[in-house]
Amino acid sequence: MSQEQAVDHLPEILPKPQRRRWGLWLGVGFLLFVLWLAILYALLTYWMDRGLREAMAAADRDSPGAWQLEDIEAHREQIPDEENAALVVLKVKRLLPVNWPFEIKSSDQKPAEEKGDSARPGVPPPTWDVKLNDLPPEVKADAALLRSLRASLARVQPARAEARKLIGMARGRFPLQWDDDIFLTKVNSGDASTATNLLRNEATLASQDGDADSAVAFVRGMLGAARAVGDEPLLVSALVRFTCDAQASEALERVLAQGEPSARELEAVQALLEKEAAEPLFLQAVRGERASIHKLLLSMQHGTTDLSELEWLSGRPRPRKNFVDYFGPTLARYSHDHILAFMNQYVEAAKLPPEKQPPLMDNLEQKVRKAKAEYDIVTHLLMPAITKVSNAYRRNVGNLRCASVGLALERYRRDHGRWPDSLDALVPKYLAAVPKDPQDGKPLRFKRLPDGVLVYWIGHDGIDDGGKFNRRNPWAQGSDQGFQLWDVKQRRQPARELLTQPAEERAPMLERGCAGRGAAATISSAELTDAILQGDEVIAAGSCDVKPAAP
């Protein structure tokens with residue numbers, strides 16, 4: 001080849017090294033991008049882990065070496081079987097038929113249309129147990145209601161005999177085995193409401209028959225069923241106990257409106273009420289909830305629990321693994337530190353007296369709502385309604401305190417033949433001190449009525465409405481809550497026909513939720529929690545299991 005020909009080929013050869021350099025630069029750029037992502041992920045991981053370590057250290061300062069779920073379980077009270085009220089409750093549950101109490105129909109119970117009641121189209125008339133629940137405390141049940149009550153109780157004699165063992169029991173611990181997948185943990189504490197309902201009917205029957213001492217003893221059994229929940233570290237368990245306590249207070253009010261129990265029985269149940277009101281139920285539940293959420297987040301990070309499983313909290317069928325689950329570990333890691341930090345703040349607020357909790361709870365609620373609004377998926381799915389449970393706790397404390405003061409008032413009346421002029425007259429013989437209103441911290445209010453007396457607290461609206469009660473909806477604005485006693489002449493008023501329950505009133509939740517589910521029916525803890533928070537009564541839990549455990 002000539003020199004001129006070689007020169008002519010140079011332009012065709014020279015561009016090739018240039019293309020190789022462009023490829024090299026693209027490769028370097030890609031590697032730098034990957035390196036940048038790795039550094040960014042490492043920094044983000046370090047930042048998240050640092051926040052988690054700080055939150056865990058704060059939890060450890062609250063409960064040194066005893067704040068995680070395994071530690072809490074190890075430190076829970078151990079109770080001998082012969083003193084364990086929970087074992088009695090479980091046996092009562094097994095002995096009761098599905099969907100008890102039965103509706104006992106008789107010729108005395110005519111359809112609503114024949115009796116002239118304003119029944120709503122498509123809605124059956126109230127059953128006997130609902131009518132009995134709506135009966136004013138000072139009014140005697142009519143013959144038809146009493147026959148239905150006796151017939152229903154006659155069908156469950158073995159369960160009745162077992163439930164009576166709860167009288168005098170004051171400690172309990174349900175079997176609770178935490179599963180590695182926390183969703184598979186079964187909670188049995190909801191069964192306490194079944195035994196409580198049975199004993200409430202026993203107390204009603206005894207008071208109607210004029211056996212006031214036995215009626216008060218059954219109320220003590222109801223409190224024994226409530227205390228069977230013990231120190232179970234879950235919010236839903238605390239809510240079940242609150243509901244049982246509320247039923248015991250209401251049953252006691254009816255018992256005192258129907259007769260005059262002995263001073264011995266009055267003193268015994270008053271001591272039990274005071275003990276129950278002083279229990280730190282909310283604090284131990286929030287600590288347990290913190291530990292269970294922490295365990296769940298670790299399980300999600302390790303891939304043991306999928307993100308889609310969180311939907312199971314609402315009672316939907318267990319989902320199959322889907323695409324979003326691959327992001328679960330990262331999302332759980334991202335949310336873990338501030339969820340735990342929120343729970344630490346809730347624990348600190350729960351340590352305060354009930355009347356000092358509302359401002360802190362409201363502030364925390366705003367922070368949690370903000371976090372949920374900022375597309376924090378795991379926080380949105382996991383954070384429980386702790387502020388509402390705090391409200392339920394104050395309601396429980398307030399009503400228990402009012403019931404114990406009501407007993408002190410009754411004891412004073414029996415000794416002096418009249419009601420006192422103020423609650424101060426009860427100190428120190430009948431009360432160590434006048435209990436505080438759990439809403440504003442002032443002493444409980446006392447009011448003389450034309451037919452008796454009233455001791456009350458001001459309710460969640462923070463306004464003293466002069467003792468105005470709304471027995472159907474205790475959460476209503478413009479109402480107070482408390483305990484009423486009637487003058488002896490005003491007790492055991494003749495039976496009278498009751499008005500049909502208004503359309504807007506809610507039916508008891510577990511009676512709604514379990515109807516038609518069959519013997520193996522379950523009700524999720526989320527459903528149960530929502531029902532109790534809205535003020536529904538848990539009166540038909542005999543056919544339902546509480547499953548799964550929530551946070």
# chains A, B, ... in the order shown; residues from 1 in each chain; ligands from 1
>>> residues_around(residues="segment 265-276 of chain A", least_positions_apart="5", cutoff="8 Å", atoms="only C-alpha atoms", output="MDAnalysis selection string")
chainID A and resid 213 216:217 219:220 223 227 400:401 403:404 407:408 411
>>> write_last_selection(atoms="N, CA and C atoms", output="mmCIF file, in the first residue's frame")
data_model
loop_
_atom_site.group_PDB
_atom_site.id
_atom_site.type_symbol
_atom_site.label_atom_id
_atom_site.label_comp_id
_atom_site.auth_asym_id
_atom_site.auth_seq_id
_atom_site.Cartn_x
_atom_site.Cartn_y
_atom_site.Cartn_z
ATOM 1 N N ASP A 213 -78.335 -9.076 99.886
ATOM 2 C CA ASP A 213 -76.968 -9.499 100.201
ATOM 3 C C ASP A 213 -76.404 -10.413 99.115
ATOM 4 N N VAL A 216 -75.462 -8.295 96.075
ATOM 5 C CA VAL A 216 -74.175 -7.617 96.208
ATOM 6 C C VAL A 216 -73.025 -8.614 96.063
ATOM 7 N N ALA A 217 -73.208 -9.823 96.576
ATOM 8 C CA ALA A 217 -72.173 -10.848 96.426
ATOM 9 C C ALA A 217 -71.931 -11.162 94.953
ATOM 10 N N VAL A 219 -72.288 -9.068 92.557
ATOM 11 C CA VAL A 219 -71.529 -7.929 92.041
ATOM 12 C C VAL A 219 -70.047 -8.108 92.352
ATOM 13 N N ARG A 220 -69.746 -8.604 93.546
ATOM 14 C CA ARG A 220 -68.346 -8.887 93.863
ATOM 15 C C ARG A 220 -67.786 -9.942 92.919
ATOM 16 N N LEU A 223 -66.813 -8.220 89.713
ATOM 17 C CA LEU A 223 -65.504 -7.581 89.840
ATOM 18 C C LEU A 223 -64.388 -8.627 89.833
ATOM 19 N N ARG A 227 -61.278 -8.625 87.293
ATOM 20 C CA ARG A 227 -59.903 -8.725 87.764
ATOM 21 C C ARG A 227 -59.216 -9.993 87.269
ATOM 22 N N LEU A 400 -65.929 4.096 88.916
ATOM 23 C CA LEU A 400 -65.589 3.265 90.065
ATOM 24 C C LEU A 400 -65.515 4.100 91.344
ATOM 25 N N ARG A 401 -64.921 5.276 91.242
ATOM 26 C CA ARG A 401 -64.835 6.155 92.416
ATOM 27 C C ARG A 401 -66.228 6.583 92.874
ATOM 28 N N ALA A 403 -69.017 4.943 92.429
ATOM 29 C CA ALA A 403 -69.695 3.788 93.008
ATOM 30 C C ALA A 403 -69.219 3.538 94.435
ATOM 31 N N SER A 404 -67.909 3.672 94.675
ATOM 32 C CA SER A 404 -67.407 3.453 96.039
ATOM 33 C C SER A 404 -67.921 4.531 96.990
ATOM 34 N N LEU A 407 -71.511 3.761 97.927
ATOM 35 C CA LEU A 407 -71.613 2.785 99.018
ATOM 36 C C LEU A 407 -71.361 3.439 100.370
ATOM 37 N N ALA A 408 -70.390 4.364 100.402
ATOM 38 C CA ALA A 408 -70.141 5.093 101.647
ATOM 39 C C ALA A 408 -71.369 5.911 102.045
ATOM 40 N N ARG A 411 -73.952 3.543 103.513
ATOM 41 C CA ARG A 411 -73.574 3.139 104.878
ATOM 42 C C ARG A 411 -73.861 4.279 105.864
#
>>> residues_around(residues="Gln208 of chain A", least_positions_apart="2", cutoff="10 Å", atoms="only C-alpha atoms", output="list of chain:residue names")
A:Val139, A:Lys140, A:Ala141, A:Asp142, A:Leu146, A:Glu202, A:Ala203, A:Thr204, A:Leu205, A:Ala206, A:Gly210, A:Asp211, A:Ala212, A:Ala215, A:Arg254, A:Val255, A:Gln258, A:Gly259, A:Arg492
>>> write_last_selection(atoms="all heavy atoms", output="short mmCIF file (atom, residue, chain, number, x, y, z; two decimals), in the first residue's frame")
data_model
loop_
_atom_site.label_atom_id
_atom_site.label_comp_id
_atom_site.auth_asym_id
_atom_site.auth_seq_id
_atom_site.Cartn_x
_atom_site.Cartn_y
_atom_site.Cartn_z
N VAL A 139 -86.90 0.50 89.26
CA VAL A 139 -88.18 -0.09 88.85
C VAL A 139 -88.06 -1.61 88.83
O VAL A 139 -87.08 -2.17 88.32
CB VAL A 139 -88.60 0.43 87.46
CG1 VAL A 139 -89.88 -0.26 86.99
CG2 VAL A 139 -88.79 1.94 87.50
N LYS A 140 -89.06 -2.30 89.40
CA LYS A 140 -89.06 -3.76 89.39
C LYS A 140 -89.38 -4.29 87.99
O LYS A 140 -90.10 -3.65 87.22
CB LYS A 140 -90.11 -4.28 90.39
CG LYS A 140 -89.78 -3.99 91.84
CD LYS A 140 -90.72 -4.74 92.78
CE LYS A 140 -92.13 -4.26 92.66
NZ LYS A 140 -93.02 -4.90 93.66
N ALA A 141 -88.83 -5.43 87.68
CA ALA A 141 -89.14 -6.09 86.41
C ALA A 141 -90.55 -6.66 86.46
O ALA A 141 -91.02 -7.10 87.51
CB ALA A 141 -88.12 -7.19 86.13
N ASP A 142 -91.22 -6.66 85.32
CA ASP A 142 -92.58 -7.23 85.29
C ASP A 142 -92.49 -8.75 85.26
O ASP A 142 -91.41 -9.35 85.12
CB ASP A 142 -93.38 -6.67 84.12
CG ASP A 142 -92.76 -6.99 82.76
OD1 ASP A 142 -92.13 -8.06 82.62
OD2 ASP A 142 -92.89 -6.17 81.83
N LEU A 146 -89.28 -11.38 84.32
CA LEU A 146 -88.74 -12.28 85.33
C LEU A 146 -88.85 -13.75 84.90
O LEU A 146 -87.93 -14.54 85.14
CB LEU A 146 -89.49 -12.07 86.66
CG LEU A 146 -89.03 -10.87 87.49
CD1 LEU A 146 -89.89 -10.73 88.73
CD2 LEU A 146 -87.57 -11.01 87.87
N GLU A 202 -77.60 -12.84 87.42
CA GLU A 202 -77.80 -13.41 88.75
C GLU A 202 -78.09 -12.31 89.78
O GLU A 202 -78.98 -12.43 90.62
CB GLU A 202 -76.56 -14.20 89.18
CG GLU A 202 -76.30 -15.47 88.38
CD GLU A 202 -77.08 -16.65 88.92
OE1 GLU A 202 -78.15 -16.45 89.52
OE2 GLU A 202 -76.61 -17.79 88.73
N ALA A 203 -77.33 -11.22 89.72
CA ALA A 203 -77.54 -10.11 90.65
C ALA A 203 -78.91 -9.48 90.45
O ALA A 203 -79.60 -9.13 91.43
CB ALA A 203 -76.45 -9.06 90.46
N THR A 204 -79.33 -9.36 89.19
CA THR A 204 -80.65 -8.79 88.90
C THR A 204 -81.75 -9.66 89.49
O THR A 204 -82.69 -9.17 90.13
CB THR A 204 -80.85 -8.64 87.39
OG1 THR A 204 -79.85 -7.76 86.86
CG2 THR A 204 -82.23 -8.09 87.07
N LEU A 205 -81.63 -10.96 89.29
CA LEU A 205 -82.67 -11.86 89.80
C LEU A 205 -82.71 -11.84 91.33
O LEU A 205 -83.78 -11.79 91.94
CB LEU A 205 -82.40 -13.28 89.31
CG LEU A 205 -83.43 -14.34 89.73
CD1 LEU A 205 -84.83 -13.97 89.25
CD2 LEU A 205 -83.03 -15.72 89.20
N ALA A 206 -81.53 -11.86 91.96
CA ALA A 206 -81.50 -11.84 93.43
C ALA A 206 -82.11 -10.56 93.98
O ALA A 206 -82.85 -10.58 94.96
CB ALA A 206 -80.06 -12.00 93.92
N GLY A 210 -85.61 -9.87 96.32
CA GLY A 210 -85.47 -9.29 97.65
C GLY A 210 -84.26 -9.77 98.43
O GLY A 210 -84.15 -9.47 99.63
N ASP A 211 -83.36 -10.51 97.80
CA ASP A 211 -82.17 -11.00 98.48
C ASP A 211 -81.01 -10.05 98.16
O ASP A 211 -80.15 -10.33 97.32
CB ASP A 211 -81.85 -12.42 98.00
CG ASP A 211 -80.75 -13.07 98.82
OD1 ASP A 211 -80.16 -12.39 99.68
OD2 ASP A 211 -80.46 -14.26 98.57
N ALA A 212 -80.97 -8.92 98.87
CA ALA A 212 -80.01 -7.87 98.56
C ALA A 212 -78.57 -8.31 98.82
O ALA A 212 -77.65 -7.95 98.07
CB ALA A 212 -80.33 -6.60 99.35
N ALA A 215 -77.33 -10.42 96.03
CA ALA A 215 -77.15 -9.59 94.85
C ALA A 215 -75.81 -8.85 94.90
O ALA A 215 -75.08 -8.79 93.91
CB ALA A 215 -78.30 -8.60 94.72
N ARG A 254 -78.34 -0.83 90.54
CA ARG A 254 -79.67 -1.45 90.52
C ARG A 254 -79.95 -2.18 91.83
O ARG A 254 -81.06 -2.13 92.36
CB ARG A 254 -79.79 -2.41 89.33
CG ARG A 254 -81.16 -3.07 89.20
CD ARG A 254 -81.21 -4.01 88.01
NE ARG A 254 -80.97 -3.31 86.77
CZ ARG A 254 -81.90 -2.64 86.09
NH1 ARG A 254 -83.14 -2.57 86.57
NH2 ARG A 254 -81.61 -2.04 84.96
N VAL A 255 -78.95 -2.87 92.35
CA VAL A 255 -79.13 -3.62 93.60
C VAL A 255 -79.52 -2.67 94.73
O VAL A 255 -80.46 -2.94 95.50
CB VAL A 255 -77.84 -4.38 93.96
CG1 VAL A 255 -77.92 -4.94 95.38
CG2 VAL A 255 -77.61 -5.52 92.96
N GLN A 258 -83.03 -1.45 94.65
CA GLN A 258 -84.07 -2.45 94.88
C GLN A 258 -84.16 -2.92 96.33
O GLN A 258 -85.11 -3.60 96.70
CB GLN A 258 -83.82 -3.67 93.98
CG GLN A 258 -83.96 -3.39 92.49
CD GLN A 258 -85.38 -3.11 92.06
OE1 GLN A 258 -86.33 -3.69 92.60
NE2 GLN A 258 -85.55 -2.22 91.10
N GLY A 259 -83.16 -2.61 97.16
CA GLY A 259 -83.21 -3.10 98.53
C GLY A 259 -82.14 -2.48 99.41
O GLY A 259 -81.52 -1.48 99.04
N ARG A 492 -87.66 0.04 94.56
CA ARG A 492 -88.57 -1.04 94.16
C ARG A 492 -89.92 -0.48 93.71
O ARG A 492 -90.99 -0.88 94.19
CB ARG A 492 -88.76 -2.05 95.29
CG ARG A 492 -87.49 -2.80 95.64
CD ARG A 492 -87.73 -3.85 96.72
NE ARG A 492 -88.60 -4.92 96.25
CZ ARG A 492 -88.19 -5.95 95.49
NH1 ARG A 492 -86.94 -6.01 95.08
NH2 ARG A 492 -89.04 -6.89 95.14
#
>>> select_by_dssp(residues="segment 399-434 of chain A", states="alpha helix (DSSP H)", output="compact mmCIF listing (two decimals) with N, CA, C and O atoms, in the first residue's frame")
# COMPACT_ATOMS: atom_id res chain seq x y z
N ASN A 399 -66.19 6.37 87.29
CA ASN A 399 -67.39 5.62 87.68
C ASN A 399 -67.12 4.69 88.86
O ASN A 399 -67.99 4.49 89.71
N LEU A 400 -65.93 4.10 88.92
CA LEU A 400 -65.59 3.27 90.06
C LEU A 400 -65.51 4.10 91.34
O LEU A 400 -65.99 3.68 92.42
N ARG A 401 -64.92 5.28 91.24
CA ARG A 401 -64.84 6.15 92.42
C ARG A 401 -66.23 6.58 92.87
O ARG A 401 -66.52 6.61 94.07
N CYS A 402 -67.09 6.91 91.91
CA CYS A 402 -68.45 7.32 92.27
C CYS A 402 -69.21 6.16 92.93
O CYS A 402 -69.97 6.36 93.90
N ALA A 403 -69.02 4.94 92.43
CA ALA A 403 -69.69 3.79 93.01
C ALA A 403 -69.22 3.54 94.43
O ALA A 403 -70.04 3.23 95.33
N SER A 404 -67.91 3.67 94.67
CA SER A 404 -67.41 3.45 96.04
C SER A 404 -67.92 4.53 96.99
O SER A 404 -68.27 4.24 98.14
N VAL A 405 -68.01 5.78 96.52
CA VAL A 405 -68.58 6.84 97.35
C VAL A 405 -70.07 6.60 97.57
O VAL A 405 -70.60 6.86 98.66
N GLY A 406 -70.76 6.08 96.55
CA GLY A 406 -72.17 5.75 96.71
C GLY A 406 -72.39 4.74 97.83
O GLY A 406 -73.34 4.85 98.62
N LEU A 407 -71.51 3.76 97.93
CA LEU A 407 -71.61 2.78 99.02
C LEU A 407 -71.36 3.44 100.37
O LEU A 407 -72.02 3.11 101.36
N ALA A 408 -70.39 4.36 100.40
CA ALA A 408 -70.14 5.09 101.65
C ALA A 408 -71.37 5.91 102.05
O ALA A 408 -71.72 6.00 103.23
N LEU A 409 -72.04 6.51 101.06
CA LEU A 409 -73.26 7.27 101.33
C LEU A 409 -74.35 6.36 101.89
O LEU A 409 -75.07 6.72 102.84
N GLU A 410 -74.50 5.18 101.31
CA GLU A 410 -75.51 4.24 101.78
C GLU A 410 -75.20 3.78 103.22
O GLU A 410 -76.11 3.65 104.05
N ARG A 411 -73.95 3.54 103.51
CA ARG A 411 -73.57 3.14 104.88
C ARG A 411 -73.86 4.28 105.86
O ARG A 411 -74.33 4.04 106.98
N TYR A 412 -73.58 5.51 105.45
CA TYR A 412 -73.87 6.67 106.31
C TYR A 412 -75.38 6.76 106.57
O TYR A 412 -75.81 6.98 107.71
N ARG A 413 -76.17 6.59 105.53
CA ARG A 413 -77.63 6.69 105.69
C ARG A 413 -78.15 5.61 106.65
O ARG A 413 -79.02 5.88 107.48
N ARG A 414 -77.60 4.42 106.53
CA ARG A 414 -78.05 3.35 107.42
C ARG A 414 -77.70 3.65 108.87
O ARG A 414 -78.45 3.33 109.79
N ASP A 415 -76.54 4.27 109.11
CA ASP A 415 -76.12 4.57 110.48
C ASP A 415 -76.83 5.78 111.07
O ASP A 415 -77.07 5.84 112.28
N HIS A 416 -77.14 6.77 110.23
CA HIS A 416 -77.68 8.05 110.74
C HIS A 416 -79.14 8.28 110.37
O HIS A 416 -79.74 9.25 110.85
>>> closest_residue(among="A:Leu166, A:Leu135, A:Tyr430, A:Ala332", to="Ala263 of chain A", atoms="only C-alpha atoms")
A:Tyr430
>>> decode(residues="segment 211-222 of chain A", atoms="all heavy atoms", output="mmCIF file, in the first residue's frame")
data_model
loop_
_atom_site.group_PDB
_atom_site.id
_atom_site.type_symbol
_atom_site.label_atom_id
_atom_site.label_comp_id
_atom_site.auth_asym_id
_atom_site.auth_seq_id
_atom_site.Cartn_x
_atom_site.Cartn_y
_atom_site.Cartn_z
ATOM 1 N N ASP A 211 -83.363 -10.506 97.796
ATOM 2 C CA ASP A 211 -82.166 -10.997 98.475
ATOM 3 C C ASP A 211 -81.010 -10.050 98.163
ATOM 4 O O ASP A 211 -80.150 -10.333 97.317
ATOM 5 C CB ASP A 211 -81.854 -12.421 98.002
ATOM 6 C CG ASP A 211 -80.749 -13.070 98.821
ATOM 7 O OD1 ASP A 211 -80.158 -12.385 99.682
ATOM 8 O OD2 ASP A 211 -80.462 -14.263 98.574
ATOM 9 N N ALA A 212 -80.969 -8.921 98.867
ATOM 10 C CA ALA A 212 -80.006 -7.869 98.558
ATOM 11 C C ALA A 212 -78.566 -8.306 98.818
ATOM 12 O O ALA A 212 -77.651 -7.955 98.068
ATOM 13 C CB ALA A 212 -80.327 -6.603 99.347
ATOM 14 N N ASP A 213 -78.335 -9.076 99.886
ATOM 15 C CA ASP A 213 -76.968 -9.499 100.201
ATOM 16 C C ASP A 213 -76.404 -10.413 99.115
ATOM 17 O O ASP A 213 -75.243 -10.284 98.717
ATOM 18 C CB ASP A 213 -76.922 -10.208 101.549
ATOM 19 C CG ASP A 213 -76.781 -9.230 102.710
ATOM 20 O OD1 ASP A 213 -76.893 -8.006 102.462
ATOM 21 O OD2 ASP A 213 -76.540 -9.670 103.846
ATOM 22 N N SER A 214 -77.209 -11.357 98.642
ATOM 23 C CA SER A 214 -76.743 -12.228 97.557
ATOM 24 C C SER A 214 -76.493 -11.422 96.290
ATOM 25 O O SER A 214 -75.537 -11.691 95.543
ATOM 26 C CB SER A 214 -77.770 -13.326 97.286
ATOM 27 O OG SER A 214 -77.854 -14.218 98.378
ATOM 28 N N ALA A 215 -77.333 -10.421 96.034
ATOM 29 C CA ALA A 215 -77.149 -9.587 94.849
ATOM 30 C C ALA A 215 -75.811 -8.849 94.904
ATOM 31 O O ALA A 215 -75.080 -8.785 93.914
ATOM 32 C CB ALA A 215 -78.300 -8.595 94.720
ATOM 33 N N VAL A 216 -75.462 -8.295 96.075
ATOM 34 C CA VAL A 216 -74.175 -7.617 96.208
ATOM 35 C C VAL A 216 -73.025 -8.614 96.063
ATOM 36 O O VAL A 216 -71.984 -8.310 95.464
ATOM 37 C CB VAL A 216 -74.088 -6.878 97.558
ATOM 38 C CG1 VAL A 216 -72.693 -6.292 97.764
ATOM 39 C CG2 VAL A 216 -75.128 -5.772 97.619
ATOM 40 N N ALA A 217 -73.208 -9.823 96.576
ATOM 41 C CA ALA A 217 -72.173 -10.848 96.426
ATOM 42 C C ALA A 217 -71.931 -11.162 94.953
ATOM 43 O O ALA A 217 -70.785 -11.352 94.522
ATOM 44 C CB ALA A 217 -72.572 -12.110 97.186
ATOM 45 N N PHE A 218 -72.997 -11.206 94.167
ATOM 46 C CA PHE A 218 -72.821 -11.434 92.724
ATOM 47 C C PHE A 218 -72.072 -10.276 92.072
ATOM 48 O O PHE A 218 -71.295 -10.485 91.130
ATOM 49 C CB PHE A 218 -74.183 -11.637 92.059
ATOM 50 C CG PHE A 218 -74.801 -12.983 92.336
ATOM 51 C CD1 PHE A 218 -76.093 -13.074 92.824
ATOM 52 C CD2 PHE A 218 -74.080 -14.149 92.127
ATOM 53 C CE1 PHE A 218 -76.665 -14.309 93.087
ATOM 54 C CE2 PHE A 218 -74.649 -15.390 92.387
ATOM 55 C CZ PHE A 218 -75.939 -15.475 92.874
ATOM 56 N N VAL A 219 -72.288 -9.068 92.557
ATOM 57 C CA VAL A 219 -71.529 -7.929 92.041
ATOM 58 C C VAL A 219 -70.047 -8.108 92.352
ATOM 59 O O VAL A 219 -69.176 -7.814 91.528
ATOM 60 C CB VAL A 219 -72.057 -6.608 92.623
ATOM 61 C CG1 VAL A 219 -71.146 -5.444 92.231
ATOM 62 C CG2 VAL A 219 -73.483 -6.334 92.135
ATOM 63 N N ARG A 220 -69.746 -8.604 93.546
ATOM 64 C CA ARG A 220 -68.346 -8.887 93.863
ATOM 65 C C ARG A 220 -67.786 -9.942 92.919
ATOM 66 O O ARG A 220 -66.618 -9.891 92.519
ATOM 67 C CB ARG A 220 -68.218 -9.350 95.323
ATOM 68 C CG ARG A 220 -68.400 -8.221 96.327
ATOM 69 C CD ARG A 220 -67.913 -8.612 97.714
ATOM 70 N NE ARG A 220 -68.794 -9.567 98.374
ATOM 71 C CZ ARG A 220 -68.451 -10.802 98.699
ATOM 72 N NH1 ARG A 220 -67.237 -11.251 98.409
ATOM 73 N NH2 ARG A 220 -69.311 -11.596 99.315
ATOM 74 N N GLY A 221 -68.625 -10.903 92.542
ATOM 75 C CA GLY A 221 -68.198 -11.886 91.546
ATOM 76 C C GLY A 221 -67.920 -11.251 90.200
ATOM 77 O O GLY A 221 -66.991 -11.655 89.493
ATOM 78 N N MET A 222 -68.726 -10.255 89.813
ATOM 79 C CA MET A 222 -68.484 -9.535 88.556
ATOM 80 C C MET A 222 -67.133 -8.834 88.587
ATOM 81 O O MET A 222 -66.381 -8.846 87.597
ATOM 82 C CB MET A 222 -69.608 -8.525 88.317
ATOM 83 C CG MET A 222 -70.977 -9.147 88.095
ATOM 84 S SD MET A 222 -72.311 -7.908 88.006
ATOM 85 C CE MET A 222 -71.955 -7.159 86.411
#
